[in-house]
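Q: First, the structure itself, so that you have it in front of you.
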Amino acid sequence: MEKVFRNYNNIDVNAAVRDHYRKMRERQTYEYVQEMQRKYLTFNKPMDLWDAMKHLNDLIDVSDPDLDLPNVQHLIQSAEAIRMDNRPDWMQLVGLIHDLGKVMFLWGSDEDGTSQNEQWGMVGDVFVVGCALPASCVYPEFNQLNPDMKDSRYNSELGIYKKHCGLDNLTLAWGHDEYLFQVLQHHKGNLIPEAGMAMIRYHSFYPWHSGGSYTPLLCEKDIEYLDWIKDFNKYDLYTKSNKTYDLDEIKDYYLPIAQKYLGKGPIYW
């Protein structure tokens with residue numbers, strides 16, 4: 001029987017997943033995201049890429065209804081599936097690092113939702129802040145808990161945005177996608193192609209790429225983004241299994257690719 005992924009109505013889904021999304025919807029406001037950007041986008045914490053990978057051995061993503069392994073295993077599973085399909089080396093690297101923004105937990109806090117115990121500001125499906133929340137969000141019944149939905153500046157279809165302004169001009173809920181994207185944008189040695197950077201930035205934006213929401217905000221460029229994200233999504237989602245890997249054993253293959261696109265020095269987080 002084929003495994004069904006992202007079944008949030010399954011009675012076997014841990015109550016923690018539902019609670020995670022309640023907190024995320026309740027606390028991820030436009031103002032909160034602005035504060036997190038100011039707090040975390042400092043680019044003053046140097047750390048080697050492989051050291052960051054090792055830290056994800058210590059994190060299990062509480063929002064994931066499909067997998068309860070350390071997050072580094074999901075990254076390797078994704079990368080290995082991309083490699084098996086003989087996709088470009090930069091895409092293999094993206095598979096390996098796409099969740100690496102979750103190292104935020106090393107300097108995060110329970111209060112921000114960026115810790116091992118409280119992950120609502122770090123993981124899970126993201127949505128646009130600053131405009132109405134769509135019904136395509138996971139557990140849409142939680143949308144009404146968001147304070148912004150009672151604020152006339154933020155609760156309309158367009159909210160603070162202009163029609164067809166495009167994804168790159170939207171502010172999404174704070175999380176590991178945007179964090180890693182901004183860190184790599186700031187990294188001088190970054191040679192990851194545009195498609196790879198889009199995969200990193202928008203892979204958790206399910207209400208858009210899978211739910212079909214936010215059409216009035218999209219621009220022509222976003223059609224290309226959607227193709228890239230859907231291509232990546234099959235490796236991000238459908239490769240999840242209980243097969244585990246030794247991080248050190250795959251290092252010989254992936255480290256040269258990482259150095260090709262990100263250089264040999266530290267990345268500033």
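Following the order of the structure tokens, chains are lettered A, B, ..., residues in each are numbered from 1, and ligands are numbered from 1.
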Taking only range 15-63 of chain A into account, list the residues labelled helix (DSSP H, G or I) by DSSP (computed from the backbone), as an MDAnalysis selection string.
A: chainID A and resid 15:27 30:40 49:58
Q: Could you give me, as a VMD selection string, the residues within 9 Å of Leu170 in chain A, counting only C-alpha atoms and dropping anything in the same chain fewer than 6 positions from it?
A: chain A and resid 128 to 130 161 217
Q: Create the file for the chosen residues now, containing C-alpha atoms and written as a compact mmCIF listing (two decimals), in the first residue's frame.
A:
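part.txt, written as the output of this step:
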# COMPACT_ATOMS: atom_id res chain seq x y z
CA VAL A 128 2.10 35.32 4.00
CA VAL A 129 1.92 37.76 6.89
CA GLY A 130 0.35 41.14 6.20
CA TYR A 161 0.72 44.41 -0.72
CA LEU A 217 -0.30 38.61 -5.37
Q: Taking 5 positions as the minimum chain separation for residues in the same chain, which residues sit within 7 Å of Phe181 in chain A when counting only C-alpha atoms? Answer as a list in words.
A: Met197, Ile200 and Arg201 of chain A
Q: To one decimal in Å, tell me the separation between CA of Thr215 in chain A and CA of Gly166 in chain A.
A: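 Taking CA of Thr215 in chain A as the start and CA of Gly166 in chain A as the end point, the length is 9.5 Å.
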Q: Just the residues within 10 Å of Pro147 in chain A, please, counting only C-alpha atoms, with nothing from its chain fewer than 6 positions along; format it as a list in words.
A: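 Non-adjacent residues within range: Arg25, Glu26, Arg27, Gln28, Thr29, Tyr30, Tyr154 and Asn155 of chain A.
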Q: So what do you get for CA of Ile229 in chain A versus CA of His203 in chain A, distance-wise?
A: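 So the two atoms, CA of Ile229 in chain A and CA of His203 in chain A, lie 6.2 Å apart.
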Q: Just list the residues in range 5-245 of chain A DSSP gives strand (DSSP E or B) on the backbone, as an NGL selection string.
A: :A and (46-47 or 128 or 172)
Q: Could you save those same residues with all heavy atoms as a PDB file, in the first residue's frame?
A:
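And here's selection_35.pdb as it stands now:
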ATOM      1  N   PRO A  46      29.961  32.708  12.740  1.00  0.00           N
ATOM      2  CA  PRO A  46      30.611  31.833  11.758  1.00  0.00           C
ATOM      3  C   PRO A  46      30.502  30.358  12.155  1.00  0.00           C
ATOM      4  O   PRO A  46      30.744  29.992  13.305  1.00  0.00           O
ATOM      5  CB  PRO A  46      32.065  32.304  11.762  1.00  0.00           C
ATOM      6  CG  PRO A  46      32.262  32.935  13.101  1.00  0.00           C
ATOM      7  CD  PRO A  46      30.940  33.520  13.485  1.00  0.00           C
ATOM      8  N   MET A  47      30.126  29.536  11.201  1.00  0.00           N
ATOM      9  CA  MET A  47      30.050  28.087  11.458  1.00  0.00           C
ATOM     10  C   MET A  47      30.239  27.349  10.145  1.00  0.00           C
ATOM     11  O   MET A  47      29.654  27.716   9.123  1.00  0.00           O
ATOM     12  CB  MET A  47      28.714  27.714  12.093  1.00  0.00           C
ATOM     13  CG  MET A  47      28.586  26.223  12.419  1.00  0.00           C
ATOM     14  SD  MET A  47      27.205  25.816  13.530  1.00  0.00           S
ATOM     15  CE  MET A  47      25.841  26.568  12.658  1.00  0.00           C
ATOM     16  N   VAL A 128       1.769  33.898   4.106  1.00  0.00           N
ATOM     17  CA  VAL A 128       2.099  35.316   3.997  1.00  0.00           C
ATOM     18  C   VAL A 128       1.570  36.040   5.233  1.00  0.00           C
ATOM     19  O   VAL A 128       0.428  35.827   5.642  1.00  0.00           O
ATOM     20  CB  VAL A 128       1.482  35.939   2.728  1.00  0.00           C
ATOM     21  CG1 VAL A 128       1.876  37.414   2.610  1.00  0.00           C
ATOM     22  CG2 VAL A 128       1.923  35.173   1.483  1.00  0.00           C
ATOM     23  N   LEU A 172       6.896  36.365   4.382  1.00  0.00           N
ATOM     24  CA  LEU A 172       6.330  35.093   4.813  1.00  0.00           C
ATOM     25  C   LEU A 172       6.545  34.889   6.298  1.00  0.00           C
ATOM     26  O   LEU A 172       7.406  35.538   6.918  1.00  0.00           O
ATOM     27  CB  LEU A 172       6.968  33.939   4.042  1.00  0.00           C
ATOM     28  CG  LEU A 172       6.864  33.970   2.513  1.00  0.00           C
ATOM     29  CD1 LEU A 172       7.429  32.683   1.934  1.00  0.00           C
ATOM     30  CD2 LEU A 172       5.425  34.161   2.066  1.00  0.00           C
TER      31      LEU A 172
END
Q: Show me, as a list in words, the residues that have an atom within 10 Å of Met104 in chain A when counting only C-alpha atoms, minus same-chain residues fewer than 5 positions from it.
A: Tyr40, Ala52, Ser109, Thr114, Ser115, Gln116, Gly121, Met122, Gly175, His176, Tyr179, Leu180 and Trp269 of chain A
Q: Take the residues just selected and output them with all heavy atoms as a short mmCIF file (atom, residue, chain, number, x, y, z; two decimals), in the first residue's frame.
A:
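Final file, again02.cif:
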data_model
loop_
_atom_site.label_atom_id
_atom_site.label_comp_id
_atom_site.auth_asym_id
_atom_site.auth_seq_id
_atom_site.Cartn_x
_atom_site.Cartn_y
_atom_site.Cartn_z
N TYR A 40 17.57 37.87 14.09
CA TYR A 40 18.34 36.71 13.63
C TYR A 40 19.16 36.95 12.37
O TYR A 40 20.11 36.21 12.11
CB TYR A 40 17.40 35.52 13.42
CG TYR A 40 16.90 34.95 14.72
CD1 TYR A 40 15.61 35.21 15.17
CD2 TYR A 40 17.73 34.18 15.54
CE1 TYR A 40 15.15 34.71 16.38
CE2 TYR A 40 17.29 33.68 16.75
CZ TYR A 40 15.99 33.94 17.17
OH TYR A 40 15.55 33.46 18.37
N ALA A 52 27.25 22.55 10.92
CA ALA A 52 25.81 22.83 10.97
C ALA A 52 25.02 21.57 10.69
O ALA A 52 24.00 21.30 11.35
CB ALA A 52 25.47 23.93 9.96
N SER A 109 15.18 30.65 21.10
CA SER A 109 14.59 30.68 22.44
C SER A 109 13.16 30.16 22.41
O SER A 109 12.50 30.20 21.37
CB SER A 109 14.59 32.12 22.99
OG SER A 109 13.67 32.93 22.27
N THR A 114 11.80 29.33 18.57
CA THR A 114 12.96 28.93 17.77
C THR A 114 13.90 28.03 18.56
O THR A 114 15.12 28.11 18.41
CB THR A 114 13.72 30.17 17.27
OG1 THR A 114 14.03 31.00 18.39
CG2 THR A 114 12.88 30.97 16.28
N SER A 115 13.34 27.18 19.41
CA SER A 115 14.14 26.28 20.24
C SER A 115 13.76 24.84 19.95
O SER A 115 12.83 24.57 19.19
CB SER A 115 13.91 26.60 21.72
OG SER A 115 12.55 26.29 22.06
N GLN A 116 14.45 23.89 20.57
CA GLN A 116 14.08 22.48 20.42
C GLN A 116 12.69 22.21 20.99
O GLN A 116 11.93 21.41 20.45
CB GLN A 116 15.11 21.59 21.12
CG GLN A 116 16.42 21.45 20.34
CD GLN A 116 17.43 20.62 21.11
OE1 GLN A 116 17.78 20.94 22.24
NE2 GLN A 116 17.92 19.56 20.50
N GLY A 121 8.26 29.03 15.49
CA GLY A 121 8.87 30.12 14.74
C GLY A 121 10.01 29.64 13.85
O GLY A 121 10.79 30.45 13.35
N MET A 122 10.07 28.33 13.62
CA MET A 122 11.22 27.78 12.93
C MET A 122 10.85 26.74 11.86
O MET A 122 11.48 26.66 10.81
CB MET A 122 12.16 27.14 13.96
CG MET A 122 13.47 26.63 13.46
SD MET A 122 14.59 26.22 14.83
CE MET A 122 13.71 24.86 15.63
N GLY A 175 10.74 31.42 9.52
CA GLY A 175 11.09 30.01 9.62
C GLY A 175 12.44 29.73 9.01
O GLY A 175 13.17 30.63 8.60
N HIS A 176 12.77 28.45 8.93
CA HIS A 176 14.11 28.04 8.50
C HIS A 176 14.35 28.33 7.02
O HIS A 176 15.50 28.54 6.63
CB HIS A 176 14.33 26.56 8.77
CG HIS A 176 13.47 25.64 7.95
ND1 HIS A 176 12.16 25.34 8.29
CD2 HIS A 176 13.72 24.94 6.81
CE1 HIS A 176 11.66 24.51 7.40
NE2 HIS A 176 12.58 24.25 6.48
N TYR A 179 15.32 32.06 6.66
CA TYR A 179 16.58 32.25 7.39
C TYR A 179 17.76 31.76 6.57
O TYR A 179 18.74 32.50 6.35
CB TYR A 179 16.51 31.53 8.74
CG TYR A 179 17.76 31.69 9.57
CD1 TYR A 179 18.29 32.96 9.83
CD2 TYR A 179 18.44 30.60 10.09
CE1 TYR A 179 19.44 33.12 10.59
CE2 TYR A 179 19.58 30.74 10.86
CZ TYR A 179 20.08 32.01 11.11
OH TYR A 179 21.22 32.17 11.85
N LEU A 180 17.70 30.51 6.07
CA LEU A 180 18.82 29.99 5.27
C LEU A 180 18.98 30.77 3.98
O LEU A 180 20.11 31.07 3.57
CB LEU A 180 18.60 28.50 4.96
CG LEU A 180 19.71 27.86 4.12
CD1 LEU A 180 21.06 27.92 4.84
CD2 LEU A 180 19.37 26.41 3.77
N TRP A 269 26.15 32.98 10.10
CA TRP A 269 24.73 32.81 10.41
C TRP A 269 24.20 33.98 11.22
O TRP A 269 24.92 34.69 11.86
CB TRP A 269 24.53 31.50 11.20
CG TRP A 269 25.04 30.32 10.43
CD1 TRP A 269 26.34 29.86 10.37
CD2 TRP A 269 24.29 29.44 9.58
NE1 TRP A 269 26.44 28.75 9.56
CE2 TRP A 269 25.19 28.48 9.06
CE3 TRP A 269 22.94 29.37 9.22
CZ2 TRP A 269 24.80 27.46 8.21
CZ3 TRP A 269 22.53 28.36 8.37
CH2 TRP A 269 23.45 27.42 7.87
#
Q: Measure the distance from CA of Ser213 in chain A to CA of Cys131 in chain A in Å and round it to one decimal.
A: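 Separating CA of Ser213 in chain A from CA of Cys131 in chain A is a distance of 11.9 Å.
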Q: Identify which of the residues A:Ala132, A:Leu69, A:Leu255, A:Leu93 lies closest to Gln144 in chain A, counting only C-alpha atoms when measuring atom-to-atom distances.
A: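 For Gln144 in chain A, the nearest of the given residues is A:Ala132.
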Q: Restricting the calculation to only C-alpha atoms, which member of A:Glu194, A:Asp99, A:Asp51, A:Glu157 is positioned closest to Val123 in chain A?
A: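 Smallest separation from Val123 in chain A among the options: A:Asp99.
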Q: For Glu224 in chain A, list every protein, DNA or RNA residue within 10 Å, evaluated using only C-alpha atoms, and leave out those in the same chain fewer than 5 positions away; present the list as a PyMOL selection string.
A: chain A and resi 195+198+219+229
Q: Go through A:Leu191, A:Ile223, A:Val138, A:Val183 and flag the residue nearest Leu41 in chain A, using only C-alpha atoms for the distances.
A: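 Smallest separation from Leu41 in chain A among the options: A:Val183.
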Q: Please provide the set of residues having any atom within 12 Å of Asp19 in chain A, restricted to only C-alpha atoms, with same-chain residues fewer than 4 positions apart removed, written as a list in words.
A: Tyr8, Val13, Asn14, Ala15, Lys23, Met24, Arg25, Glu26, Val62, Ser63, Glu118, Gln119, Trp120, Gly124, Val138, Tyr139 and Phe142 of chain A
